[in-house]
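Colleague: My structure is in my_file.pdb, and what it holds is PDB, C-alpha atoms and all ligand atoms:
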ATOM      1  CA  MET A   1     167.014  59.348 146.811
ATOM      2  CA  ILE A   2     164.783  56.352 146.191
ATOM      3  CA  ASP A   3     162.298  56.001 149.052
ATOM      4  CA  GLY A   4     158.773  54.795 149.807
ATOM      5  CA  ASN A   5     157.199  57.496 147.661
ATOM      6  CA  THR A   6     159.295  57.051 144.520
ATOM      7  CA  ASN A   7     157.273  56.844 141.290
ATOM      8  CA  LEU A   8     158.443  54.426 138.646
ATOM      9  CA  LEU A   9     158.550  55.057 134.898
ATOM     10  CA  GLY A  10     160.270  52.995 132.246
ATOM     11  CA  LEU A  11     160.986  51.990 128.706
ATOM     12  CA  ILE A  12     159.818  48.733 127.145
ATOM     13  CA  GLY A  13     161.282  47.383 123.914
ATOM     14  CA  ASN A  14     163.874  44.989 122.593
ATOM     15  CA  PRO A  15     166.695  45.941 122.564
ATOM     16  CA  VAL A  16     166.689  48.764 125.127
ATOM     17  CA  GLU A  17     170.338  48.719 126.255
ATOM     18  CA  HIS A  18     171.458  51.577 124.002
ATOM     19  CA  SER A  19     168.563  53.925 124.736
ATOM     20  CA  PHE A  20     169.349  57.452 125.927
ATOM     21  CA  SER A  21     165.940  57.818 127.577
ATOM     22  CA  PRO A  22     166.930  56.618 131.087
ATOM     23  CA  VAL A  23     169.854  59.064 131.199
ATOM     24  CA  MET A  24     167.780  61.939 129.861
ATOM     25  CA  HIS A  25     164.746  61.438 132.132
ATOM     26  CA  ASN A  26     166.658  60.672 135.314
ATOM     27  CA  ALA A  27     168.748  63.826 134.828
ATOM     28  CA  ALA A  28     165.528  65.820 134.441
ATOM     29  CA  PHE A  29     163.967  64.336 137.613
ATOM     30  CA  LYS A  30     167.108  65.186 139.543
ATOM     31  CA  GLU A  31     167.130  68.751 138.247
ATOM     32  CA  LEU A  32     163.466  69.366 139.136
ATOM     33  CA  LYS A  33     163.724  67.359 142.387
ATOM     34  CA  LEU A  34     160.890  65.079 141.312
ATOM     35  CA  ASN A  35     160.649  61.761 143.116
ATOM     36  CA  TYR A  36     160.666  59.584 140.009
ATOM     37  CA  VAL A  37     162.985  56.967 138.590
ATOM     38  CA  TYR A  38     163.112  55.734 134.960
ATOM     39  CA  LEU A  39     164.341  52.248 134.089
ATOM     40  CA  PRO A  40     164.830  50.235 130.878
ATOM     41  CA  PHE A  41     162.942  46.927 130.565
ATOM     42  CA  LYS A  42     163.879  44.460 127.854
ATOM     43  CA  VAL A  43     160.645  42.678 127.003
ATOM     44  CA  GLU A  44     160.019  39.505 124.996
ATOM     45  CA  LYS A  45     157.122  39.614 122.544
ATOM     46  CA  GLU A  46     155.086  36.902 124.256
ATOM     47  CA  ASN A  47     155.137  38.890 127.516
ATOM     48  CA  LEU A  48     153.854  42.184 126.150
ATOM     49  CA  LYS A  49     150.289  41.819 127.444
ATOM     50  CA  ASN A  50     151.488  40.718 130.882
ATOM     51  CA  VAL A  51     153.869  43.649 130.996
ATOM     52  CA  ILE A  52     151.028  46.140 130.654
ATOM     53  CA  THR A  53     148.768  44.425 133.192
ATOM     54  CA  GLY A  54     151.692  43.909 135.548
ATOM     55  CA  ALA A  55     152.983  47.469 135.236
ATOM     56  CA  ASN A  56     149.494  48.728 135.983
ATOM     57  CA  SER A  57     149.182  46.438 139.011
ATOM     58  CA  LEU A  58     152.540  47.681 140.304
ATOM     59  CA  ASN A  59     151.278  51.256 139.962
ATOM     60  CA  ILE A  60     154.038  52.125 137.513
ATOM     61  CA  LYS A  61     153.060  55.598 136.297
ATOM     62  CA  GLY A  62     154.004  55.405 132.660
ATOM     63  CA  LEU A  63     156.094  53.799 129.970
ATOM     64  CA  ASN A  64     157.895  54.649 126.782
ATOM     65  CA  VAL A  65     157.549  52.053 124.065
ATOM     66  CA  THR A  66     160.205  51.435 121.466
ATOM     67  CA  ILE A  67     160.985  49.007 118.648
ATOM     68  CA  PRO A  68     159.422  46.496 118.012
ATOM     69  CA  TYR A  69     156.266  47.168 120.069
ATOM     70  CA  LYS A  70     155.004  50.616 119.054
ATOM     71  CA  ILE A  71     152.139  49.126 117.017
ATOM     72  CA  ASP A  72     151.451  45.892 118.933
ATOM     73  CA  ILE A  73     151.034  47.743 122.219
ATOM     74  CA  ILE A  74     147.909  49.573 121.036
ATOM     75  CA  LYS A  75     145.584  46.622 121.530
ATOM     76  CA  TYR A  76     146.326  46.552 125.260
ATOM     77  CA  LEU A  77     145.405  50.205 125.862
ATOM     78  CA  ASP A  78     141.965  51.673 126.682
ATOM     79  CA  ASN A  79     142.443  55.128 125.129
ATOM     80  CA  LEU A  80     144.461  56.658 122.326
ATOM     81  CA  ASP A  81     145.399  60.244 121.705
ATOM     82  CA  PRO A  82     143.871  61.232 118.297
ATOM     83  CA  ILE A  83     147.217  61.821 116.577
ATOM     84  CA  ALA A  84     148.621  58.517 117.895
ATOM     85  CA  LYS A  85     145.521  56.854 116.470
ATOM     86  CA  LEU A  86     146.176  58.363 113.037
ATOM     87  CA  ILE A  87     149.875  57.473 113.169
ATOM     88  CA  GLY A  88     148.941  53.968 114.307
ATOM     89  CA  ALA A  89     151.816  53.764 116.764
ATOM     90  CA  VAL A  90     152.397  54.617 120.411
ATOM     91  CA  ASN A  91     155.681  55.564 122.083
ATOM     92  CA  THR A  92     154.300  56.853 125.401
ATOM     93  CA  ILE A  93     151.752  55.397 127.821
ATOM     94  CA  ASP A  94     150.051  57.115 130.724
ATOM     95  CA  LEU A  95     149.315  54.001 132.780
ATOM     96  CA  ASN A  96     146.958  55.811 135.175
ATOM     97  CA  ARG A  97     144.574  56.279 132.262
ATOM     98  CA  MET A  98     145.794  53.371 130.128
ATOM     99  CA  LYS A  99     146.186  55.942 127.373
ATOM    100  CA  GLY A 100     148.674  55.894 124.506
ATOM    101  CA  TYR A 101     150.377  58.853 122.856
ATOM    102  CA  ASN A 102     152.916  59.334 120.104
ATOM    103  CA  THR A 103     155.426  62.067 120.903
ATOM    104  CA  ASP A 104     157.874  61.292 118.067
ATOM    105  CA  GLY A 105     156.214  63.641 115.598
ATOM    106  CA  ILE A 106     155.770  66.457 118.076
ATOM    107  CA  GLY A 107     159.425  65.992 119.020
ATOM    108  CA  ALA A 108     160.420  66.643 115.406
ATOM    109  CA  LEU A 109     158.046  69.595 115.145
ATOM    110  CA  LYS A 110     159.428  71.239 118.294
ATOM    111  CA  ALA A 111     162.999  70.640 117.113
ATOM    112  CA  ILE A 112     162.259  72.614 113.945
ATOM    113  CA  GLU A 113     160.250  75.258 115.793
ATOM    114  CA  GLU A 114     163.311  75.909 117.939
ATOM    115  CA  ILE A 115     164.844  77.717 114.955
ATOM    116  CA  THR A 116     161.966  78.804 112.718
ATOM    117  CA  ASN A 117     158.308  79.673 112.552
ATOM    118  CA  ILE A 118     156.812  76.877 110.448
ATOM    119  CA  LYS A 119     153.766  78.862 109.351
ATOM    120  CA  ASN A 120     153.275  78.795 105.555
ATOM    121  CA  LYS A 121     156.495  76.820 105.013
ATOM    122  CA  LYS A 122     157.131  73.974 102.587
ATOM    123  CA  LEU A 123     158.404  70.757 104.141
ATOM    124  CA  VAL A 124     160.050  67.955 102.189
ATOM    125  CA  ILE A 125     160.424  64.680 104.033
ATOM    126  CA  THR A 126     162.365  61.661 102.784
ATOM    127  CA  GLY A 127     161.352  58.153 103.849
ATOM    128  CA  ALA A 128     157.883  56.684 104.304
ATOM    129  CA  GLY A 129     158.391  54.287 107.202
ATOM    130  CA  GLY A 130     157.393  54.528 110.853
ATOM    131  CA  ALA A 131     159.379  57.657 111.670
ATOM    132  CA  SER A 132     158.129  59.459 108.581
ATOM    133  CA  ARG A 133     154.531  58.543 109.464
ATOM    134  CA  ALA A 134     154.787  60.073 112.924
ATOM    135  CA  ILE A 135     156.490  63.232 111.652
ATOM    136  CA  SER A 136     154.297  63.643 108.567
ATOM    137  CA  PHE A 137     151.017  63.367 110.464
ATOM    138  CA  GLN A 138     152.234  65.799 113.110
ATOM    139  CA  PHE A 139     153.331  68.402 110.562
ATOM    140  CA  ALA A 140     150.076  67.861 108.648
ATOM    141  CA  ASN A 141     148.412  68.932 111.900
ATOM    142  CA  SER A 142     150.473  72.144 111.996
ATOM    143  CA  ALA A 143     150.526  75.522 110.261
ATOM    144  CA  ILE A 144     152.826  74.458 107.402
ATOM    145  CA  ASP A 145     151.664  75.208 103.873
ATOM    146  CA  GLU A 146     152.901  72.181 101.956
ATOM    147  CA  LEU A 147     154.110  68.688 102.744
ATOM    148  CA  VAL A 148     155.959  66.562 100.181
ATOM    149  CA  ILE A 149     156.804  62.937 100.995
ATOM    150  CA  ILE A 150     159.628  61.487  98.890
ATOM    151  CA  ASN A 151     160.518  57.810  99.078
ATOM    152  CA  ARG A 152     162.730  55.314  97.252
ATOM    153  CA  ASN A 153     159.689  53.065  96.910
ATOM    154  CA  GLU A 154     157.250  55.637  95.594
ATOM    155  CA  LYS A 155     154.204  53.454  96.327
ATOM    156  CA  LYS A 156     154.779  53.853 100.056
ATOM    157  CA  ALA A 157     154.947  57.633  99.672
ATOM    158  CA  VAL A 158     151.697  57.585  97.694
ATOM    159  CA  LEU A 159     149.920  55.543 100.357
ATOM    160  CA  LEU A 160     151.123  57.746 103.220
ATOM    161  CA  ALA A 161     150.271  60.977 101.395
ATOM    162  CA  LYS A 162     146.788  59.658 100.592
ATOM    163  CA  GLU A 163     146.217  58.572 104.166
ATOM    164  CA  ILE A 164     147.176  62.002 105.438
ATOM    165  CA  LYS A 165     144.915  63.735 102.934
ATOM    166  CA  ASN A 166     142.035  61.424 103.840
ATOM    167  CA  SER A 167     142.525  62.211 107.519
ATOM    168  CA  GLY A 168     141.437  65.764 106.730
ATOM    169  CA  LEU A 169     144.442  67.238 108.563
ATOM    170  CA  HIS A 170     145.960  68.859 105.476
ATOM    171  CA  ASP A 171     145.063  69.293 101.808
ATOM    172  CA  ASN A 172     148.419  70.207 100.357
ATOM    173  CA  VAL A 173     150.183  66.854 100.631
ATOM    174  CA  LYS A 174     152.244  65.595  97.690
ATOM    175  CA  TYR A 175     154.517  62.634  97.040
ATOM    176  CA  GLY A 176     157.332  61.655  94.764
ATOM    177  CA  SER A 177     160.203  59.272  94.100
ATOM    178  CA  LEU A 178     163.845  60.101  94.826
ATOM    179  CA  SER A 179     164.267  61.429  91.280
ATOM    180  CA  GLU A 180     162.008  64.330  92.263
ATOM    181  CA  LEU A 181     163.956  65.267  95.369
ATOM    182  CA  LYS A 182     166.150  67.878  93.661
ATOM    183  CA  ASN A 183     163.190  69.700  92.165
ATOM    184  CA  GLU A 184     161.131  69.607  95.370
ATOM    185  CA  LEU A 185     164.025  70.866  97.495
ATOM    186  CA  SER A 186     164.699  73.821  95.207
ATOM    187  CA  ASN A 187     161.844  75.892  96.684
ATOM    188  CA  ALA A 188     161.479  74.117 100.042
ATOM    189  CA  ASP A 189     162.009  75.732 103.473
ATOM    190  CA  ILE A 190     162.460  72.626 105.620
ATOM    191  CA  PHE A 191     163.936  69.216 104.796
ATOM    192  CA  ILE A 192     163.727  66.253 107.161
ATOM    193  CA  ASP A 193     165.452  62.966 106.291
ATOM    194  CA  THR A 194     163.897  60.031 108.151
ATOM    195  CA  THR A 195     165.862  57.292 106.364
ATOM    196  CA  PRO A 196     168.610  55.426 108.270
ATOM    197  CA  ILE A 197     171.246  56.491 105.701
ATOM    198  CA  GLY A 198     174.485  57.541 107.420
ATOM    199  CA  MET A 199     173.708  55.878 110.745
ATOM    200  CA  ASP A 200     176.629  54.313 112.582
ATOM    201  CA  PRO A 201     178.384  52.114 111.408
ATOM    202  CA  ASN A 202     177.478  53.294 107.866
ATOM    203  CA  ILE A 203     178.672  56.817 108.516
ATOM    204  CA  ASN A 204     180.317  57.238 105.111
ATOM    205  CA  ASP A 205     177.279  56.253 103.061
ATOM    206  CA  GLU A 206     176.349  58.782 100.438
ATOM    207  CA  PRO A 207     173.660  61.058 101.889
ATOM    208  CA  ILE A 208     170.195  61.211 100.348
ATOM    209  CA  ALA A 209     170.929  64.802  99.242
ATOM    210  CA  ASN A 210     174.260  66.523  98.639
ATOM    211  CA  SER A 211     175.373  70.150  98.563
ATOM    212  CA  LYS A 212     174.428  70.432  94.885
ATOM    213  CA  ILE A 213     170.726  70.160  95.660
ATOM    214  CA  LEU A 214     170.684  71.725  99.144
ATOM    215  CA  HIS A 215     170.663  75.500  99.558
ATOM    216  CA  GLU A 216     171.245  78.252 102.071
ATOM    217  CA  ASP A 217     167.551  78.990 102.722
ATOM    218  CA  LEU A 218     166.830  75.418 103.733
ATOM    219  CA  ILE A 219     166.627  74.040 107.268
ATOM    220  CA  VAL A 220     168.077  70.530 107.143
ATOM    221  CA  ASN A 221     167.211  67.957 109.805
ATOM    222  CA  ASP A 222     168.564  64.403 109.836
ATOM    223  CA  ILE A 223     166.729  62.356 112.462
ATOM    224  CA  VAL A 224     169.774  60.088 112.789
ATOM    225  CA  TYR A 225     171.693  61.195 115.916
ATOM    226  CA  ASN A 226     174.485  58.666 115.874
ATOM    227  CA  PRO A 227     176.781  60.199 114.645
ATOM    228  CA  LEU A 228     175.682  63.684 115.713
ATOM    229  CA  GLU A 229     176.982  65.112 112.454
ATOM    230  CA  THR A 230     175.800  62.815 109.664
ATOM    231  CA  SER A 231     176.974  62.972 106.068
ATOM    232  CA  LEU A 232     173.761  64.877 105.223
ATOM    233  CA  ILE A 233     174.406  67.496 107.905
ATOM    234  CA  LYS A 234     177.963  67.903 106.585
ATOM    235  CA  GLU A 235     176.616  68.558 103.086
ATOM    236  CA  ALA A 236     174.100  71.053 104.469
ATOM    237  CA  LYS A 237     176.857  72.967 106.256
ATOM    238  CA  LYS A 238     178.772  73.282 102.972
ATOM    239  CA  VAL A 239     175.976  75.485 101.603
ATOM    240  CA  ASN A 240     175.425  77.355 104.898
ATOM    241  CA  ALA A 241     172.010  75.805 105.433
ATOM    242  CA  LYS A 242     170.718  75.831 109.007
ATOM    243  CA  THR A 243     170.993  72.340 110.471
ATOM    244  CA  VAL A 244     169.088  70.447 113.166
ATOM    245  CA  SER A 245     170.664  67.309 114.598
ATOM    246  CA  GLY A 246     168.644  64.185 115.336
ATOM    247  CA  LEU A 247     169.356  64.688 119.004
ATOM    248  CA  LYS A 248     166.821  67.520 119.128
ATOM    249  CA  MET A 249     163.918  65.293 118.093
ATOM    250  CA  LEU A 250     164.997  62.701 120.628
ATOM    251  CA  ILE A 251     165.091  65.276 123.406
ATOM    252  CA  TYR A 252     161.816  66.959 122.506
ATOM    253  CA  GLN A 253     159.930  63.661 122.214
ATOM    254  CA  GLY A 254     161.275  62.847 125.672
ATOM    255  CA  ALA A 255     160.222  66.249 126.949
ATOM    256  CA  GLU A 256     156.656  65.688 125.703
ATOM    257  CA  SER A 257     156.487  62.298 127.413
ATOM    258  CA  PHE A 258     157.902  63.869 130.589
ATOM    259  CA  LYS A 259     155.105  66.443 130.560
ATOM    260  CA  ILE A 260     152.449  63.745 130.064
ATOM    261  CA  TRP A 261     153.713  61.796 133.084
ATOM    262  CA  THR A 262     154.705  64.523 135.513
ATOM    263  CA  GLY A 263     152.681  67.536 134.361
ATOM    264  CA  GLU A 264     155.918  69.556 134.471
ATOM    265  CA  ASP A 265     157.807  71.286 131.657
ATOM    266  CA  ALA A 266     160.981  69.291 131.044
ATOM    267  CA  PRO A 267     164.385  70.956 131.480
ATOM    268  CA  ILE A 268     165.496  70.673 127.836
ATOM    269  CA  ASP A 269     169.063  71.902 128.416
ATOM    270  CA  ILE A 270     169.668  69.451 131.243
ATOM    271  CA  MET A 271     168.385  66.558 129.137
ATOM    272  CA  GLU A 272     170.619  67.566 126.231
ATOM    273  CA  LYS A 273     173.663  67.916 128.442
ATOM    274  CA  ALA A 274     173.048  64.512 130.032
ATOM    275  CA  ILE A 275     172.994  62.833 126.611
ATOM    276  CA  LEU A 276     175.990  64.748 125.260
ATOM    277  CA  ASN A 277     177.889  63.643 128.351
ATOM    278  CA  ILE A 278     177.570  59.972 127.448
ATOM    279  CA  LEU A 279     177.829  60.306 123.662
TER
HETATM  280  P1  LIG B 301     161.722  53.862 110.551
HETATM  281  O1  LIG B 301     160.765  53.186 111.490
HETATM  282  O2  LIG B 301     162.988  54.336 111.179
HETATM  283  O3  LIG B 301     161.055  54.936 109.768
HETATM  284  P2  LIG B 301     161.440  52.025 108.377
HETATM  285  O4  LIG B 301     159.998  51.925 108.686
HETATM  286  O5  LIG B 301     162.215  50.775 108.095
HETATM  287  O6  LIG B 301     162.230  52.733 109.558
HETATM  288  O7  LIG B 301     161.609  53.051 107.143
HETATM  289  C1  LIG B 301     162.839  53.351 106.607
HETATM  290  C2  LIG B 301     162.638  54.293 105.428
HETATM  291  O8  LIG B 301     163.913  54.654 104.929
HETATM  292  C3  LIG B 301     161.878  53.680 104.265
HETATM  293  O9  LIG B 301     161.034  54.654 103.713
HETATM  294  C4  LIG B 301     162.987  53.284 103.295
HETATM  295  O10 LIG B 301     162.635  53.360 101.924
HETATM  296  P3  LIG B 301     161.848  52.145 101.175
HETATM  297  O11 LIG B 301     160.413  52.263 101.576
HETATM  298  O12 LIG B 301     162.062  52.408  99.725
HETATM  299  O13 LIG B 301     162.498  50.864 101.651
HETATM  300  C5  LIG B 301     164.002  54.349 103.542
HETATM  301  N1  LIG B 301     165.366  53.907 103.243
HETATM  302  C6  LIG B 301     166.111  53.006 103.932
HETATM  303  N2  LIG B 301     167.330  52.855 103.380
HETATM  304  C7  LIG B 301     167.346  53.675 102.286
HETATM  305  C8  LIG B 301     168.308  53.989 101.290
HETATM  306  N3  LIG B 301     169.524  53.410 101.302
HETATM  307  N4  LIG B 301     167.969  54.875 100.329
HETATM  308  C9  LIG B 301     166.763  55.452 100.296
HETATM  309  N5  LIG B 301     165.798  55.223 101.228
HETATM  310  C10 LIG B 301     166.089  54.344 102.207
END
Can the structure in the file be given as structure tokens, please?
Modeller:
Amino acid sequence: MIDGNTNLLGLIGNPVEHSFSPVMHNAAFKELKLNYVYLPFKVEKENLKNVITGANSLNIKGLNVTIPYKIDIIKYLDNLDPIAKLIGAVNTIDLNRMKGYNTDGIGALKAIEEITNIKNKKLVITGAGGASRAISFQFANSAIDELVIINRNEKKAVLLAKEIKNSGLHDNVKYGSLSELKNELSNADIFIDTTPIGMDPNINDEPIANSKILHEDLIVNDIVYNPLETSLIKEAKKVNAKTVSGLKMLIYQGAESFKIWTGEDAPIDIMEKAILNIL
């Protein structure tokens, strides 16, 4: 029940209408009987600064930030978590401390850790945009052995790999163009595709990798969650590879934000069920 003690959290971005975050967080608050409510706020670019000052004045506890404000928001914050600083983007704000975090990468890491121990593993990641940045930096800060960033525009992969190396988080960071994907996957343990290929409505687009270059010992994660089973995941199933749907990253990034705001461990199963219910 909403009463005089209810704490407010929310999502700022544009658009926000299709976000699963309100459903996922409100289900979790209900389950844990926490007096919080989470709302979506569609924000125009020119109002971004006012939104942060206003939210703080209203004693709103925290915010998620989505497209297109994950980078622009940083200048209005007082503190940044070190990994968010390296990534250069924020998706979660603790308004009490005016501090920004990025839980996208940790969401991907936890999704993979749900089914394997990542220690000494080789990760191949396709794409070198915002999502790849968050995931690559987070895995570079983990126990994996090798990280290979493959991108259509190889220059972007080079730049990202260099930036990660220069950060001192990991030494074994390589890059390549799509022509090297087959070779790099042949001895890889984990493959994460961060490109939008196969996302609704383009569900029949040819996946970035097919069953000919995937193999049984590979864990295949497509961060696209709409549809739940993308063309890449279908190809992975053909070779009996273990698959991780994009929904897992979404849920785990939400769970990390939840912990930052409430201090409580999020009920992962409840969040997943709530999303599956509306999908
Ligand atoms: P996001 O924030 O979701 O990561 P982005 O920053 O636009 O989105 O990055 C999208 C990534 O997917 C890019 O690395 C892009 O490759 P380019 O740098 O070569 O443009 C990649 N991508 C998008 N469509 C692709 C396609 N059809 N084939 C291969 N890569 C694609």
Colleague: Mind listing whatever residues come within 10 Å of the point (160.1, 51.4, 121.0)? Use all atoms listed in the file, file coordinates, and give them as a list in words.
Modeller: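 Residues with an atom close enough to that point: Leu11, Ile12, Gly13, Asn14, Pro15, Val16, Ser19, Asn64, Val65, Thr66, Ile67, Pro68, Tyr69, Lys70, Ile71, Ile73, Ala89, Val90, Asn91 and Thr92 of chain A.
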Colleague: Once you have the residues from the selection above, write them out as a compact mmCIF listing (two decimals), keeping the file's coordinate frame, restricted to C-alpha atoms.
Modeller:
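Full text of result.txt as output:
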# COMPACT_ATOMS: atom_id res chain seq x y z
CA LEU A 11 160.99 51.99 128.71
CA ILE A 12 159.82 48.73 127.14
CA GLY A 13 161.28 47.38 123.91
CA ASN A 14 163.87 44.99 122.59
CA PRO A 15 166.70 45.94 122.56
CA VAL A 16 166.69 48.76 125.13
CA SER A 19 168.56 53.92 124.74
CA ASN A 64 157.90 54.65 126.78
CA VAL A 65 157.55 52.05 124.06
CA THR A 66 160.21 51.44 121.47
CA ILE A 67 160.99 49.01 118.65
CA PRO A 68 159.42 46.50 118.01
CA TYR A 69 156.27 47.17 120.07
CA LYS A 70 155.00 50.62 119.05
CA ILE A 71 152.14 49.13 117.02
CA ILE A 73 151.03 47.74 122.22
CA ALA A 89 151.82 53.76 116.76
CA VAL A 90 152.40 54.62 120.41
CA ASN A 91 155.68 55.56 122.08
CA THR A 92 154.30 56.85 125.40
Colleague: Could you tell me which residues the PyMOL selection byres (((not hetatm)) within 10 of (chain B and resi 301)) grabs in this file, written as a VMD selection string?
Modeller: chain A and resid 67 to 68 70 126 to 135 149 to 157 177 to 178 193 to 198 205 to 208 223 to 224
Colleague: Given the file shown, determine the residues that the PyMOL selection byres (((chain A and resi 252) around 9) and not hetatm) selects; report them as a ChimeraX atom specification.
Modeller: /A:103-104,106-111,247-251,253-257,266,268
Colleague: Atom CA of Ile260 of chain A and atom CA of Pro227 of chain A, how far apart in Å?
Modeller: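 Here the two named atoms are 29.0 Å from each other.
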Colleague: A:Asn183, A:Asn5, A:Asn141, A:Asn210: which is nearest Pro82 of chain A, counting all atoms listed in the file?
Modeller: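 Looking at the shortest contact to Pro82 of chain A, the residue is A:Asn141.
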Colleague: Identify, on the basis of all atoms listed in the file, every residue whose closest approach to Met1 of chain A does not exceed 12 Å; exclude the query and any residue fewer than 4 positions from it along the same chain; express the result as a PyMOL selection string.
Modeller: chain A and resi 5-7+26+29-30+33-37
Colleague: Would you put the residues from that selection into a file with C-alpha atoms, as a PDB file, in the coordinates of the input?
Modeller:
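Everything below was put into selection-v4.pdb:
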ATOM      1  CA  ASN A   5     157.199  57.496 147.661  1.00  0.00           C
ATOM      2  CA  THR A   6     159.295  57.051 144.520  1.00  0.00           C
ATOM      3  CA  ASN A   7     157.273  56.844 141.290  1.00  0.00           C
ATOM      4  CA  ASN A  26     166.658  60.672 135.314  1.00  0.00           C
ATOM      5  CA  PHE A  29     163.967  64.336 137.613  1.00  0.00           C
ATOM      6  CA  LYS A  30     167.108  65.186 139.543  1.00  0.00           C
ATOM      7  CA  LYS A  33     163.724  67.359 142.387  1.00  0.00           C
ATOM      8  CA  LEU A  34     160.890  65.079 141.312  1.00  0.00           C
ATOM      9  CA  ASN A  35     160.649  61.761 143.116  1.00  0.00           C
ATOM     10  CA  TYR A  36     160.666  59.584 140.009  1.00  0.00           C
ATOM     11  CA  VAL A  37     162.985  56.967 138.590  1.00  0.00           C
TER      12      VAL A  37
END
Colleague: With 3 Å of padding per side, what axis-aligned box (centre and edge lengths, Å, one decimal) covers all the listed atoms of segment 55-69 of chain A? Give it as lines of an AutoDock Vina configuration file.
Modeller:
center_x = 155.1
center_y = 51.0
center_z = 129.2
size_x = 17.8
size_y = 15.2
size_z = 28.3
